[in-house]
file entry08.cif (mmCIF, C-alpha atoms)
data_structure
#
loop_
_atom_site.group_PDB
_atom_site.id
_atom_site.type_symbol
_atom_site.label_atom_id
_atom_site.label_comp_id
_atom_site.auth_asym_id
_atom_site.auth_seq_id
_atom_site.Cartn_x
_atom_site.Cartn_y
_atom_site.Cartn_z
ATOM 1 C CA MET A 1 113.780 128.799 61.201
ATOM 2 C CA THR A 2 117.437 127.816 61.406
ATOM 3 C CA GLU A 3 118.517 125.007 63.667
ATOM 4 C CA LYS A 4 120.075 127.515 66.053
ATOM 5 C CA GLU A 5 116.788 129.385 66.286
ATOM 6 C CA LEU A 6 114.931 126.133 66.854
ATOM 7 C CA ILE A 7 117.247 125.248 69.737
ATOM 8 C CA GLU A 8 116.729 128.720 71.244
ATOM 9 C CA THR A 9 112.948 128.425 70.960
ATOM 10 C CA ILE A 10 112.929 125.010 72.644
ATOM 11 C CA LYS A 11 115.249 126.390 75.315
ATOM 12 C CA LYS A 12 112.743 129.155 76.094
ATOM 13 C CA ILE A 13 109.906 126.613 76.239
ATOM 14 C CA VAL A 14 111.590 124.231 78.695
ATOM 15 C CA LYS A 15 113.045 126.907 80.990
ATOM 16 C CA PRO A 16 110.128 127.055 83.483
ATOM 17 C CA TYR A 17 110.197 123.268 83.969
ATOM 18 C CA VAL A 18 113.944 122.786 84.501
ATOM 19 C CA GLN A 19 114.947 121.331 87.878
ATOM 20 C CA ARG A 20 118.661 121.039 87.203
ATOM 21 C CA GLU A 21 120.359 124.301 86.302
ATOM 22 C CA GLU A 22 123.751 122.727 85.451
ATOM 23 C CA GLY A 23 122.058 120.837 82.656
ATOM 24 C CA PHE A 24 120.359 123.992 81.443
ATOM 25 C CA LYS A 25 123.666 125.883 81.268
ATOM 26 C CA GLU A 26 124.954 123.341 78.766
ATOM 27 C CA PHE A 27 121.779 123.341 76.707
ATOM 28 C CA SER A 28 122.328 121.730 73.288
ATOM 29 C CA LYS A 29 120.756 119.344 70.799
ATOM 30 C CA GLU A 30 122.022 116.439 72.882
ATOM 31 C CA THR A 31 120.371 117.651 76.093
ATOM 32 C CA GLU A 32 117.836 115.135 77.409
ATOM 33 C CA PHE A 33 114.743 116.516 79.128
ATOM 34 C CA ILE A 34 114.523 114.047 81.993
ATOM 35 C CA LYS A 35 118.116 112.923 82.399
ATOM 36 C CA ASP A 36 119.946 116.257 82.003
ATOM 37 C CA LEU A 37 117.310 118.833 82.965
ATOM 38 C CA GLU A 38 115.422 116.644 85.478
ATOM 39 C CA ILE A 39 112.110 117.858 84.140
ATOM 40 C CA ASN A 40 109.431 115.865 85.931
ATOM 41 C CA SER A 41 107.493 113.570 83.649
ATOM 42 C CA ALA A 42 104.167 115.373 84.168
ATOM 43 C CA ASN A 43 105.852 118.574 82.984
ATOM 44 C CA LEU A 44 107.068 116.738 79.896
ATOM 45 C CA VAL A 45 103.442 116.933 78.781
ATOM 46 C CA ASP A 46 103.610 120.711 79.231
ATOM 47 C CA VAL A 47 106.758 120.851 77.111
ATOM 48 C CA ILE A 48 104.992 118.875 74.379
ATOM 49 C CA LEU A 49 101.885 121.102 74.527
ATOM 50 C CA ASP A 50 104.036 124.249 74.483
ATOM 51 C CA VAL A 51 105.938 122.958 71.440
ATOM 52 C CA GLU A 52 102.604 122.227 69.733
ATOM 53 C CA ASP A 53 101.352 125.744 70.491
ATOM 54 C CA GLU A 54 104.584 127.486 69.523
ATOM 55 C CA PHE A 55 104.895 125.756 66.131
ATOM 56 C CA ASP A 56 101.173 125.237 65.564
ATOM 57 C CA ILE A 57 101.569 121.494 65.064
ATOM 58 C CA GLU A 58 100.120 118.361 66.575
ATOM 59 C CA ILE A 59 102.511 115.830 68.038
ATOM 60 C CA ASP A 60 101.038 112.344 67.848
ATOM 61 C CA ASN A 61 101.532 109.770 70.567
ATOM 62 C CA ASP A 62 104.166 107.804 68.669
ATOM 63 C CA SER A 63 106.359 110.897 68.230
ATOM 64 C CA MET A 64 105.791 111.831 71.848
ATOM 65 C CA GLU A 65 107.033 108.425 72.982
ATOM 66 C CA GLY A 66 110.423 109.040 71.412
ATOM 67 C CA MET A 67 110.838 112.694 72.418
ATOM 68 C CA ARG A 68 113.716 112.406 74.862
ATOM 69 C CA SER A 69 116.135 115.092 73.785
ATOM 70 C CA VAL A 70 116.138 118.592 72.340
ATOM 71 C CA GLY A 71 117.316 117.026 69.071
ATOM 72 C CA ASP A 72 114.317 114.666 69.039
ATOM 73 C CA ALA A 73 111.973 117.634 69.501
ATOM 74 C CA ILE A 74 113.660 119.497 66.641
ATOM 75 C CA GLU A 75 113.290 116.484 64.337
ATOM 76 C CA ILE A 76 109.587 116.268 65.171
ATOM 77 C CA VAL A 77 109.060 119.978 64.473
ATOM 78 C CA LYS A 78 110.997 119.769 61.187
ATOM 79 C CA LYS A 79 108.945 116.813 59.961
ATOM 80 C CA LYS A 80 105.638 118.645 60.471
ATOM 81 C CA MET B 1 109.615 93.213 89.658
ATOM 82 C CA ILE B 2 108.503 96.356 91.408
ATOM 83 C CA GLY B 3 108.266 100.125 90.917
ATOM 84 C CA ASN B 4 107.013 103.063 92.952
ATOM 85 C CA ASP B 5 105.963 106.680 92.726
ATOM 86 C CA VAL B 6 105.267 109.598 95.045
ATOM 87 C CA VAL B 7 103.019 112.551 94.257
ATOM 88 C CA ASP B 8 102.843 115.496 96.621
ATOM 89 C CA LEU B 9 99.403 116.853 95.763
ATOM 90 C CA SER B 10 100.087 120.442 96.785
ATOM 91 C CA LEU B 11 103.329 120.483 94.780
ATOM 92 C CA ALA B 12 101.601 118.836 91.803
ATOM 93 C CA LYS B 13 99.023 121.601 91.900
ATOM 94 C CA LYS B 14 101.785 124.189 91.694
ATOM 95 C CA GLN B 15 103.811 122.404 89.019
ATOM 96 C CA SER B 16 101.092 121.161 86.692
ATOM 97 C CA ASN B 17 97.793 122.420 85.452
ATOM 98 C CA TRP B 18 96.150 119.212 84.254
ATOM 99 C CA GLN B 19 93.061 121.194 83.253
ATOM 100 C CA ARG B 20 95.065 122.834 80.528
ATOM 101 C CA PRO B 21 93.564 122.007 77.100
ATOM 102 C CA ARG B 22 94.754 118.666 75.657
ATOM 103 C CA PHE B 23 96.757 117.775 78.789
ATOM 104 C CA ILE B 24 94.685 114.806 79.916
ATOM 105 C CA GLU B 25 94.270 113.499 76.356
ATOM 106 C CA LYS B 26 98.050 113.113 76.174
ATOM 107 C CA ILE B 27 98.242 110.949 79.274
ATOM 108 C CA PHE B 28 94.994 109.153 79.930
ATOM 109 C CA THR B 29 92.953 106.592 78.026
ATOM 110 C CA LYS B 30 89.370 107.440 76.995
ATOM 111 C CA GLN B 31 88.061 105.306 79.865
ATOM 112 C CA GLU B 32 90.312 107.047 82.395
ATOM 113 C CA GLN B 33 89.248 110.445 81.079
ATOM 114 C CA THR B 34 85.609 109.502 81.549
ATOM 115 C CA GLU B 35 86.296 108.418 85.128
ATOM 116 C CA ILE B 36 88.256 111.594 85.861
ATOM 117 C CA ASN B 37 85.528 113.806 84.446
ATOM 118 C CA SER B 38 82.835 112.172 86.557
ATOM 119 C CA ALA B 39 84.911 111.862 89.751
ATOM 120 C CA LYS B 40 83.967 113.685 92.933
ATOM 121 C CA ASP B 41 87.591 114.696 93.315
ATOM 122 C CA PRO B 42 89.061 114.770 89.802
ATOM 123 C CA ASP B 43 92.324 116.246 91.068
ATOM 124 C CA PHE B 44 92.955 113.228 93.288
ATOM 125 C CA LEU B 45 92.056 110.729 90.572
ATOM 126 C CA VAL B 46 94.363 112.406 88.039
ATOM 127 C CA TRP B 47 97.347 112.027 90.347
ATOM 128 C CA LEU B 48 96.326 108.585 91.580
ATOM 129 C CA PHE B 49 96.170 107.274 87.986
ATOM 130 C CA TRP B 50 99.404 109.104 87.234
ATOM 131 C CA SER B 51 101.242 107.473 90.144
ATOM 132 C CA MET B 52 99.877 104.051 89.134
ATOM 133 C CA LYS B 53 101.163 104.558 85.589
ATOM 134 C CA GLU B 54 104.554 105.763 86.777
ATOM 135 C CA SER B 55 104.961 102.861 89.197
ATOM 136 C CA ALA B 56 103.939 100.300 86.590
ATOM 137 C CA TYR B 57 106.231 101.914 84.024
ATOM 138 C CA LYS B 58 109.145 101.595 86.420
ATOM 139 C CA ALA B 59 108.432 97.938 87.133
ATOM 140 C CA HIS B 60 108.100 97.295 83.398
ATOM 141 C CA GLN B 61 111.303 99.134 82.544
ATOM 142 C CA ARG B 62 113.166 97.155 85.187
ATOM 143 C CA ILE B 63 111.983 93.879 83.641
ATOM 144 C CA GLU B 64 112.834 94.752 80.051
ATOM 145 C CA ASN B 65 115.648 97.275 80.571
ATOM 146 C CA PHE B 66 114.505 99.521 77.717
ATOM 147 C CA SER B 67 115.723 103.081 77.207
ATOM 148 C CA PRO B 68 113.438 105.703 78.774
ATOM 149 C CA ARG B 69 110.240 106.310 76.868
ATOM 150 C CA PHE B 70 107.132 108.356 77.433
ATOM 151 C CA ASN B 71 104.017 106.305 76.862
ATOM 152 C CA PRO B 72 101.537 106.972 79.692
ATOM 153 C CA TRP B 73 98.492 106.514 77.440
ATOM 154 C CA GLN B 74 99.478 102.875 76.839
ATOM 155 C CA LEU B 75 99.171 102.032 80.529
ATOM 156 C CA GLU B 76 95.512 101.431 81.379
ATOM 157 C CA CYS B 77 94.510 101.920 84.996
ATOM 158 C CA SER B 78 91.578 100.412 86.808
ATOM 159 C CA LEU B 79 90.678 100.551 90.486
ATOM 160 C CA GLN B 80 89.853 97.269 92.183
ATOM 161 C CA GLU B 81 89.364 98.107 95.829
ATOM 162 C CA VAL B 82 89.068 101.490 97.454
ATOM 163 C CA SER B 83 89.170 101.910 101.212
ATOM 164 C CA ALA B 84 90.320 104.587 103.631
ATOM 165 C CA GLU B 85 93.623 102.771 104.177
ATOM 166 C CA LYS B 86 94.587 101.924 100.631
ATOM 167 C CA ILE B 87 93.593 101.741 97.017
ATOM 168 C CA ILE B 88 94.256 98.533 95.167
ATOM 169 C CA GLY B 89 94.490 98.878 91.418
ATOM 170 C CA LYS B 90 95.662 97.245 88.251
ATOM 171 C CA VAL B 91 97.566 98.653 85.289
ATOM 172 C CA ASN B 92 97.408 96.849 81.969
ATOM 173 C CA LEU B 93 100.004 97.297 79.287
ATOM 174 C CA GLY B 94 99.441 95.095 76.258
ATOM 175 C CA ALA B 95 99.474 91.559 77.579
ATOM 176 C CA SER B 96 101.151 92.478 80.875
ATOM 177 C CA SER B 97 99.494 93.462 84.117
ATOM 178 C CA PHE B 98 100.860 95.288 87.097
ATOM 179 C CA TYR B 99 99.233 95.267 90.524
ATOM 180 C CA THR B 100 99.275 98.522 92.423
ATOM 181 C CA SER B 101 98.718 99.584 95.971
ATOM 182 C CA SER B 102 98.369 103.247 96.890
ATOM 183 C CA THR B 103 98.124 105.012 100.197
ATOM 184 C CA TYR B 104 97.293 108.596 100.938
ATOM 185 C CA ALA B 105 99.032 110.408 103.765
ATOM 186 C CA ASP B 106 100.275 113.893 104.495
ATOM 187 C CA ASN B 107 98.586 115.145 101.295
ATOM 188 C CA CYS B 108 100.727 112.731 99.261
ATOM 189 C CA ILE B 109 99.962 109.657 97.212
ATOM 190 C CA PHE B 110 102.392 106.774 97.619
ATOM 191 C CA THR B 111 102.027 103.984 95.088
ATOM 192 C CA SER B 112 103.860 100.749 94.520
ATOM 193 C CA ALA B 113 103.416 98.409 91.579
ATOM 194 C CA ALA B 114 104.385 94.777 91.178
ATOM 195 C CA SER B 115 104.485 92.516 88.164
ATOM 196 C CA GLU B 116 103.064 89.633 90.190
ATOM 197 C CA LYS B 117 100.129 89.455 92.545
ATOM 198 C CA ASN B 118 100.661 89.266 96.289
ATOM 199 C CA LEU B 119 104.325 90.160 96.325
ATOM 200 C CA GLN B 120 105.462 91.173 99.776
ATOM 201 C CA ILE B 121 106.824 94.622 99.202
ATOM 202 C CA PHE B 122 108.603 96.655 101.813
ATOM 203 C CA HIS B 123 107.447 100.234 101.361
ATOM 204 C CA GLN B 124 109.033 102.994 103.397
ATOM 205 C CA LYS B 125 108.366 106.703 103.366
ATOM 206 C CA VAL B 126 111.384 108.841 104.163
ATOM 207 C CA ALA B 127 112.502 112.440 103.886
ATOM 208 C CA ASN B 128 114.068 113.057 100.497
ATOM 209 C CA LYS B 129 117.418 114.135 101.892
ATOM 210 C CA SER B 130 117.960 110.718 103.451
ATOM 211 C CA LEU B 131 116.294 108.574 100.766
ATOM 212 C CA LYS B 132 119.335 106.676 99.481
ATOM 213 C CA GLU B 133 120.874 106.423 102.917
ATOM 214 C CA GLU B 134 117.703 104.879 104.379
ATOM 215 C CA LEU B 135 117.338 102.515 101.431
ATOM 216 C CA LEU B 136 120.905 101.253 101.766
ATOM 217 C CA LYS B 137 120.536 100.935 105.524
ATOM 218 C CA SER B 138 117.423 98.871 105.052
ATOM 219 C CA ILE B 139 119.074 96.577 102.505
ATOM 220 C CA SER B 140 122.138 96.242 104.687
ATOM 221 C CA GLU B 141 120.018 95.092 107.641
ATOM 222 C CA LYS B 142 117.755 92.759 105.707
ATOM 223 C CA GLU B 143 120.399 91.142 103.531
ATOM 224 C CA GLN B 144 123.188 91.199 106.113
ATOM 225 C CA ILE B 145 125.571 93.116 103.894
ATOM 226 C CA LEU B 146 128.023 95.704 105.196
ATOM 227 C CA LEU B 147 126.539 99.143 104.621
ATOM 228 C CA LYS B 148 129.807 100.635 103.402
ATOM 229 C CA GLU B 149 130.022 98.012 100.636
ATOM 230 C CA LEU B 150 126.653 98.974 99.167
ATOM 231 C CA HIS B 151 126.148 101.594 96.521
ATOM 232 C CA ILE B 152 123.763 102.507 93.745
ATOM 233 C CA ILE B 153 124.763 103.115 90.140
ATOM 234 C CA LYS B 154 122.408 103.977 87.295
ATOM 235 C CA ASN B 155 122.701 101.702 84.300
ATOM 236 C CA GLU B 156 122.774 102.754 80.630
ATOM 237 C CA ASN B 157 118.990 103.216 80.704
ATOM 238 C CA GLN B 158 118.987 105.350 83.844
ATOM 239 C CA ILE B 159 117.702 102.517 86.009
ATOM 240 C CA PRO B 160 119.351 102.584 89.454
ATOM 241 C CA GLN B 161 120.999 99.297 90.361
ATOM 242 C CA LEU B 162 122.465 97.989 93.556
ATOM 243 C CA TYR B 163 126.068 96.922 93.926
ATOM 244 C CA GLN B 164 128.040 95.271 96.687
ATOM 245 C CA LEU B 165 131.549 96.499 95.963
ATOM 246 C CA GLU B 166 131.951 95.574 92.264
ATOM 247 C CA ASN B 167 129.150 93.018 92.144
ATOM 248 C CA LEU B 168 125.679 93.726 90.812
ATOM 249 C CA LEU B 169 123.063 92.506 93.297
ATOM 250 C CA ASP B 170 119.752 91.031 92.283
ATOM 251 C CA ILE B 171 117.637 92.928 94.793
ATOM 252 C CA PRO B 172 114.638 94.628 93.195
ATOM 253 C CA PHE B 173 114.030 98.152 94.470
ATOM 254 C CA SER B 174 112.650 101.457 93.313
ATOM 255 C CA ILE B 175 112.944 104.981 94.651
ATOM 256 C CA SER B 176 110.822 108.029 94.024
ATOM 257 C CA HIS B 177 110.690 111.570 95.259
ATOM 258 C CA HIS B 178 108.537 114.600 94.699
ATOM 259 C CA GLY B 179 109.728 117.774 96.345
ATOM 260 C CA ASP B 180 110.880 116.777 99.817
ATOM 261 C CA LYS B 181 108.633 113.714 100.019
ATOM 262 C CA SER B 182 110.060 110.388 99.039
ATOM 263 C CA ALA B 183 109.735 106.664 99.431
ATOM 264 C CA PHE B 184 111.398 103.453 98.427
ATOM 265 C CA VAL B 185 110.142 99.948 97.819
ATOM 266 C CA LEU B 186 112.184 96.839 98.217
ATOM 267 C CA LEU B 187 111.752 93.132 97.597
ATOM 268 C CA ASN B 188 113.571 90.932 99.974
ATOM 269 C CA LYS B 189 114.352 87.528 98.586
ATOM 270 C CA LYS B 190 115.439 85.945 101.852
ATOM 271 C CA THR B 191 112.428 86.704 103.978
ATOM 272 C CA ALA B 192 108.995 87.930 103.100
ATOM 273 C CA TYR B 193 107.638 90.830 105.061
ATOM 274 C CA LEU B 194 105.315 93.728 104.712
ATOM 275 C CA LYS B 195 105.665 96.893 106.651
ATOM 276 C CA ILE B 196 104.546 100.406 105.981
ATOM 277 C CA ASN B 197 106.023 103.058 108.190
ATOM 278 C CA GLY B 198 104.398 106.376 108.881
ATOM 279 C CA PHE B 199 105.972 109.396 107.305
#

call {"tool": "encode", "arguments": {"input": "entry08.cif", "output": "C-alpha cells"}}
result
Amino acid sequence: MTEKELIETIKKIVKPYVQREEGFKEFSKETEFIKDLEINSANLVDVILDVEDEFDIEIDNDSMEGMRSVGDAIEIVKKK
Amino acid sequence: MIGNDVVDLSLAKKQSNWQRPRFIEKIFTKQEQTEINSAKDPDFLVWLFWSMKESAYKAHQRIENFSPRFNPWQLECSLQEVSAEKIIGKVNLGASSFYTSSTYADNCIFTSAASEKNLQIFHQKVANKSLKEELLKSISEKEQILLKELHIIKNENQIPQLYQLENLLDIPFSISHHGDKSAFVLLNKKTAYLKINGF
C-alpha cells in the first residue's frame, strides 16, 4: 500500500468517530486524533481495534501509547 | 493537583461498545477485567473505572506537563468505599496514587481525582454550553479577580491554563464534558471549601 492509500484507509476508519468536521476536512499525516478531530478517548480504542482488524496486525500497548496522529498510526502499520 | 471526568452513560452506550472483542483488554488491568466480568452492573463499572482513569490521568498530566499519551492500562483502579451518595476510589500509577470521588446523577458519572488525600475540591456540574463561563465566574468570585481579566489558554500539551490578563495563575482546575453534560473542579488556595451543586 502506498502512503496515500494508507492515509485514505485510516481516514475511512476514523470517520465515524470524528467530532470536529473542520479537522476532518484537512485530514493529513499531521492530523492528531484527539486534538484535531476531537475523537473521544474511549473511541480511540475503537480506532486502534479497527486499524488492527483492517491490517490484520496487533498493536501492543507501547505503540498504542504513542499513537497520537495519523502519521503515528501509519508508522505502526508499516513496522508490522 | 486535580483532574475530573464526566461520562453520560446513555451517550457512552451509543458511542462505544465495550463488549467488542479486545476492547476491555486494551484499557483495563487483569484485576479490573475480573471485577468487571463479575459485577452486577458491568456497564456501570466499566465507565466508573474509565472516569477514574481519565481523572487521574488529567491530574498526573497537570503535575508533569507531558504531551498527551494514551496509557489507560497503566492506571490501576480500586474501590475503597461505595455508598449511595458517592464512590471513593484510588488509582495507582507506578509509585503515584490518586484519590478519586465519584457521584452518580442524571444517568451520569462525575469523578474528580486528586494527587493528595483530603483535598477540598470544589466540584460543580453545569450545562456544557456555559462550562467555561461558569468556571471563570466561580474563580472570579472566589479569588476576587475581575471576570473580564480571566481567560483560559491551552498550553503546548493541550492542558488548559488560567490567565489574568497576561499572567499565568496558579489555580488548579479541570474541566470535562460529555455530550451536553459537563463539570469543572477547582482548588481554591485562599479558602478551603467543599460544595457539590445539583445538576

call {"tool": "residues_around", "arguments": {"input": "entry08.cif", "residues": "Ser176 of chain B", "least_positions_apart": "3", "cutoff": "12 Å", "atoms": "all atoms listed in the file", "output": "mmCIF file with C-alpha atoms, in the coordinates of the input"}}
result
data_model
loop_
_atom_site.group_PDB
_atom_site.id
_atom_site.type_symbol
_atom_site.label_atom_id
_atom_site.label_comp_id
_atom_site.auth_asym_id
_atom_site.auth_seq_id
_atom_site.Cartn_x
_atom_site.Cartn_y
_atom_site.Cartn_z
ATOM 1 C CA ASN A 40 109.431 115.865 85.931
ATOM 2 C CA GLY B 3 108.266 100.125 90.917
ATOM 3 C CA ASN B 4 107.013 103.063 92.952
ATOM 4 C CA ASP B 5 105.963 106.680 92.726
ATOM 5 C CA VAL B 6 105.267 109.598 95.045
ATOM 6 C CA VAL B 7 103.019 112.551 94.257
ATOM 7 C CA ASP B 8 102.843 115.496 96.621
ATOM 8 C CA SER B 51 101.242 107.473 90.144
ATOM 9 C CA GLU B 54 104.554 105.763 86.777
ATOM 10 C CA SER B 55 104.961 102.861 89.197
ATOM 11 C CA LYS B 58 109.145 101.595 86.420
ATOM 12 C CA ILE B 109 99.962 109.657 97.212
ATOM 13 C CA PHE B 110 102.392 106.774 97.619
ATOM 14 C CA THR B 111 102.027 103.984 95.088
ATOM 15 C CA SER B 112 103.860 100.749 94.520
ATOM 16 C CA HIS B 123 107.447 100.234 101.361
ATOM 17 C CA GLN B 124 109.033 102.994 103.397
ATOM 18 C CA LYS B 125 108.366 106.703 103.366
ATOM 19 C CA VAL B 126 111.384 108.841 104.163
ATOM 20 C CA ALA B 127 112.502 112.440 103.886
ATOM 21 C CA ASN B 128 114.068 113.057 100.497
ATOM 22 C CA LYS B 129 117.418 114.135 101.892
ATOM 23 C CA LEU B 131 116.294 108.574 100.766
ATOM 24 C CA LYS B 132 119.335 106.676 99.481
ATOM 25 C CA LEU B 135 117.338 102.515 101.431
ATOM 26 C CA ILE B 159 117.702 102.517 86.009
ATOM 27 C CA PRO B 160 119.351 102.584 89.454
ATOM 28 C CA PHE B 173 114.030 98.152 94.470
ATOM 29 C CA GLY B 179 109.728 117.774 96.345
ATOM 30 C CA ASP B 180 110.880 116.777 99.817
ATOM 31 C CA LYS B 181 108.633 113.714 100.019
ATOM 32 C CA SER B 182 110.060 110.388 99.039
ATOM 33 C CA ALA B 183 109.735 106.664 99.431
ATOM 34 C CA PHE B 184 111.398 103.453 98.427
ATOM 35 C CA VAL B 185 110.142 99.948 97.819
#

call {"tool": "atom_distance", "arguments": {"input": "entry08.cif", "atom1": "atom CA of Leu6 of chain A", "atom2": "atom CA of Ile74 of chain A"}}
result
6.8 Å

call {"tool": "atom_distance", "arguments": {"input": "entry08.cif", "atom1": "atom CA of Lys13 of chain B", "atom2": "atom CA of Glu32 of chain B"}}
result
19.4 Å

call {"tool": "resolve_selection", "arguments": {"input": "entry08.cif", "expression": "the PyMOL selection byres ((chain B) within 6 of (chain A))", "output": "mmCIF file with C-alpha atoms, in the frame of the given file"}}
result
data_model
loop_
_atom_site.group_PDB
_atom_site.id
_atom_site.type_symbol
_atom_site.label_atom_id
_atom_site.label_comp_id
_atom_site.auth_asym_id
_atom_site.auth_seq_id
_atom_site.Cartn_x
_atom_site.Cartn_y
_atom_site.Cartn_z
ATOM 1 C CA ARG B 69 110.240 106.310 76.868
ATOM 2 C CA PHE B 70 107.132 108.356 77.433
ATOM 3 C CA ASN B 71 104.017 106.305 76.862
#

call {"tool": "residues_near_point", "arguments": {"input": "entry08.cif", "point": "(134.5, 98.3, 95.5)", "cutoff": "12 Å", "atoms": "all atoms listed in the file", "output": "ChimeraX atom specification"}}
result
/B:146,148-152,163-168

call {"tool": "atom_distance", "arguments": {"input": "entry08.cif", "atom1": "atom CA of Ile171 of chain B", "atom2": "atom CA of Ile2 of chain B"}}
result
10.3 Å

call {"tool": "closest_residue", "arguments": {"input": "entry08.cif", "among": "B:Lys90, B:His178, B:Arg62, B:Lys142", "to": "Lys154 of chain B", "atoms": "all atoms listed in the file"}}
result
B:Arg62

call {"tool": "closest_residue", "arguments": {"input": "entry08.cif", "among": "A:Lys4, A:Lys80, A:Lys12, A:Lys29", "to": "Asp50 of chain A", "atoms": "all atoms listed in the file"}}
result
A:Lys12

call {"tool": "closest_atom_pairs", "arguments": {"input": "entry08.cif", "of": "segment 103-157 of chain B", "to": "segment 41-45 of chain B", "cutoff": "10 Å", "atoms": "all atoms listed in the file", "output": "JSON lines"}}
result
{"residue": "B:Tyr104", "atom": "CA", "partner": "B:Phe44", "partner_atom": "CA", "distance": 9.9}
{"residue": "B:Asn107", "atom": "CA", "partner": "B:Phe44", "partner_atom": "CA", "distance": 10.0}
{"residue": "B:Cys108", "atom": "CA", "partner": "B:Phe44", "partner_atom": "CA", "distance": 9.8}
{"residue": "B:Ile109", "atom": "CA", "partner": "B:Phe44", "partner_atom": "CA", "distance": 8.8}

call {"tool": "resolve_selection", "arguments": {"input": "entry08.cif", "expression": "the PyMOL selection byres ((chain A and resi 78) around 12)", "output": "list in words"}}
result
Met1, Thr2, Glu3, Leu6, Ile7, Val51, Phe55, Ile57, Ile59, Gly71, Asp72, Ala73, Ile74, Glu75, Ile76, Val77, Lys79 and Lys80 of chain A

call {"tool": "residues_around", "arguments": {"input": "entry08.cif", "residues": "Lys86 of chain B", "least_positions_apart": "6", "cutoff": "8 Å", "atoms": "all atoms listed in the file", "output": "ChimeraX atom specification"}}
result
/B:101-104

call {"tool": "build_atoms", "arguments": {"input": "entry08.cif", "residues": "segment 11-28 of chain A", "atoms": "N, CA and C atoms", "output": "PDB file, in the coordinates of the input"}}
result
ATOM      1  N   LYS A  11     114.630 126.020  74.042  1.00  0.00           N
ATOM      2  CA  LYS A  11     115.249 126.390  75.315  1.00  0.00           C
ATOM      3  C   LYS A  11     114.315 127.294  76.132  1.00  0.00           C
ATOM      4  N   LYS A  12     113.693 128.245  75.438  1.00  0.00           N
ATOM      5  CA  LYS A  12     112.743 129.155  76.094  1.00  0.00           C
ATOM      6  C   LYS A  12     111.537 128.376  76.633  1.00  0.00           C
ATOM      7  N   ILE A  13     111.080 127.399  75.840  1.00  0.00           N
ATOM      8  CA  ILE A  13     109.906 126.613  76.239  1.00  0.00           C
ATOM      9  C   ILE A  13     110.186 125.797  77.505  1.00  0.00           C
ATOM     10  N   VAL A  14     111.346 125.143  77.563  1.00  0.00           N
ATOM     11  CA  VAL A  14     111.590 124.231  78.695  1.00  0.00           C
ATOM     12  C   VAL A  14     112.006 124.949  79.980  1.00  0.00           C
ATOM     13  N   LYS A  15     112.483 126.188  79.843  1.00  0.00           N
ATOM     14  CA  LYS A  15     113.045 126.907  80.990  1.00  0.00           C
ATOM     15  C   LYS A  15     112.209 126.810  82.283  1.00  0.00           C
ATOM     16  N   PRO A  16     110.879 127.085  82.216  1.00  0.00           N
ATOM     17  CA  PRO A  16     110.128 127.055  83.483  1.00  0.00           C
ATOM     18  C   PRO A  16     110.053 125.687  84.151  1.00  0.00           C
ATOM     19  N   TYR A  17     110.367 124.624  83.423  1.00  0.00           N
ATOM     20  CA  TYR A  17     110.197 123.268  83.969  1.00  0.00           C
ATOM     21  C   TYR A  17     111.513 122.644  84.432  1.00  0.00           C
ATOM     22  N   VAL A  18     112.621 123.355  84.191  1.00  0.00           N
ATOM     23  CA  VAL A  18     113.944 122.786  84.501  1.00  0.00           C
ATOM     24  C   VAL A  18     114.170 122.697  86.005  1.00  0.00           C
ATOM     25  N   GLN A  19     114.650 121.518  86.445  1.00  0.00           N
ATOM     26  CA  GLN A  19     114.947 121.331  87.878  1.00  0.00           C
ATOM     27  C   GLN A  19     116.455 121.271  88.111  1.00  0.00           C
ATOM     28  N   ARG A  20     117.220 121.180  87.035  1.00  0.00           N
ATOM     29  CA  ARG A  20     118.661 121.039  87.203  1.00  0.00           C
ATOM     30  C   ARG A  20     119.357 122.091  86.351  1.00  0.00           C
ATOM     31  N   GLU A  21     119.805 123.146  87.010  1.00  0.00           N
ATOM     32  CA  GLU A  21     120.359 124.301  86.302  1.00  0.00           C
ATOM     33  C   GLU A  21     121.670 123.989  85.562  1.00  0.00           C
ATOM     34  N   GLU A  22     122.488 123.080  86.130  1.00  0.00           N
ATOM     35  CA  GLU A  22     123.751 122.727  85.451  1.00  0.00           C
ATOM     36  C   GLU A  22     123.481 122.204  84.051  1.00  0.00           C
ATOM     37  N   GLY A  23     122.419 121.392  83.952  1.00  0.00           N
ATOM     38  CA  GLY A  23     122.058 120.837  82.656  1.00  0.00           C
ATOM     39  C   GLY A  23     121.589 121.927  81.698  1.00  0.00           C
ATOM     40  N   PHE A  24     120.905 122.922  82.267  1.00  0.00           N
ATOM     41  CA  PHE A  24     120.359 123.992  81.443  1.00  0.00           C
ATOM     42  C   PHE A  24     121.459 124.899  80.905  1.00  0.00           C
ATOM     43  N   LYS A  25     122.533 125.051  81.696  1.00  0.00           N
ATOM     44  CA  LYS A  25     123.666 125.883  81.268  1.00  0.00           C
ATOM     45  C   LYS A  25     124.326 125.323  80.016  1.00  0.00           C
ATOM     46  N   GLU A  26     124.307 123.981  79.919  1.00  0.00           N
ATOM     47  CA  GLU A  26     124.954 123.341  78.766  1.00  0.00           C
ATOM     48  C   GLU A  26     123.932 122.911  77.727  1.00  0.00           C
ATOM     49  N   PHE A  27     122.887 123.690  77.591  1.00  0.00           N
ATOM     50  CA  PHE A  27     121.779 123.341  76.707  1.00  0.00           C
ATOM     51  C   PHE A  27     122.240 123.161  75.259  1.00  0.00           C
ATOM     52  N   SER A  28     121.946 121.984  74.686  1.00  0.00           N
ATOM     53  CA  SER A  28     122.328 121.730  73.288  1.00  0.00           C
ATOM     54  C   SER A  28     121.336 120.725  72.699  1.00  0.00           C
TER      55      SER A  28
END
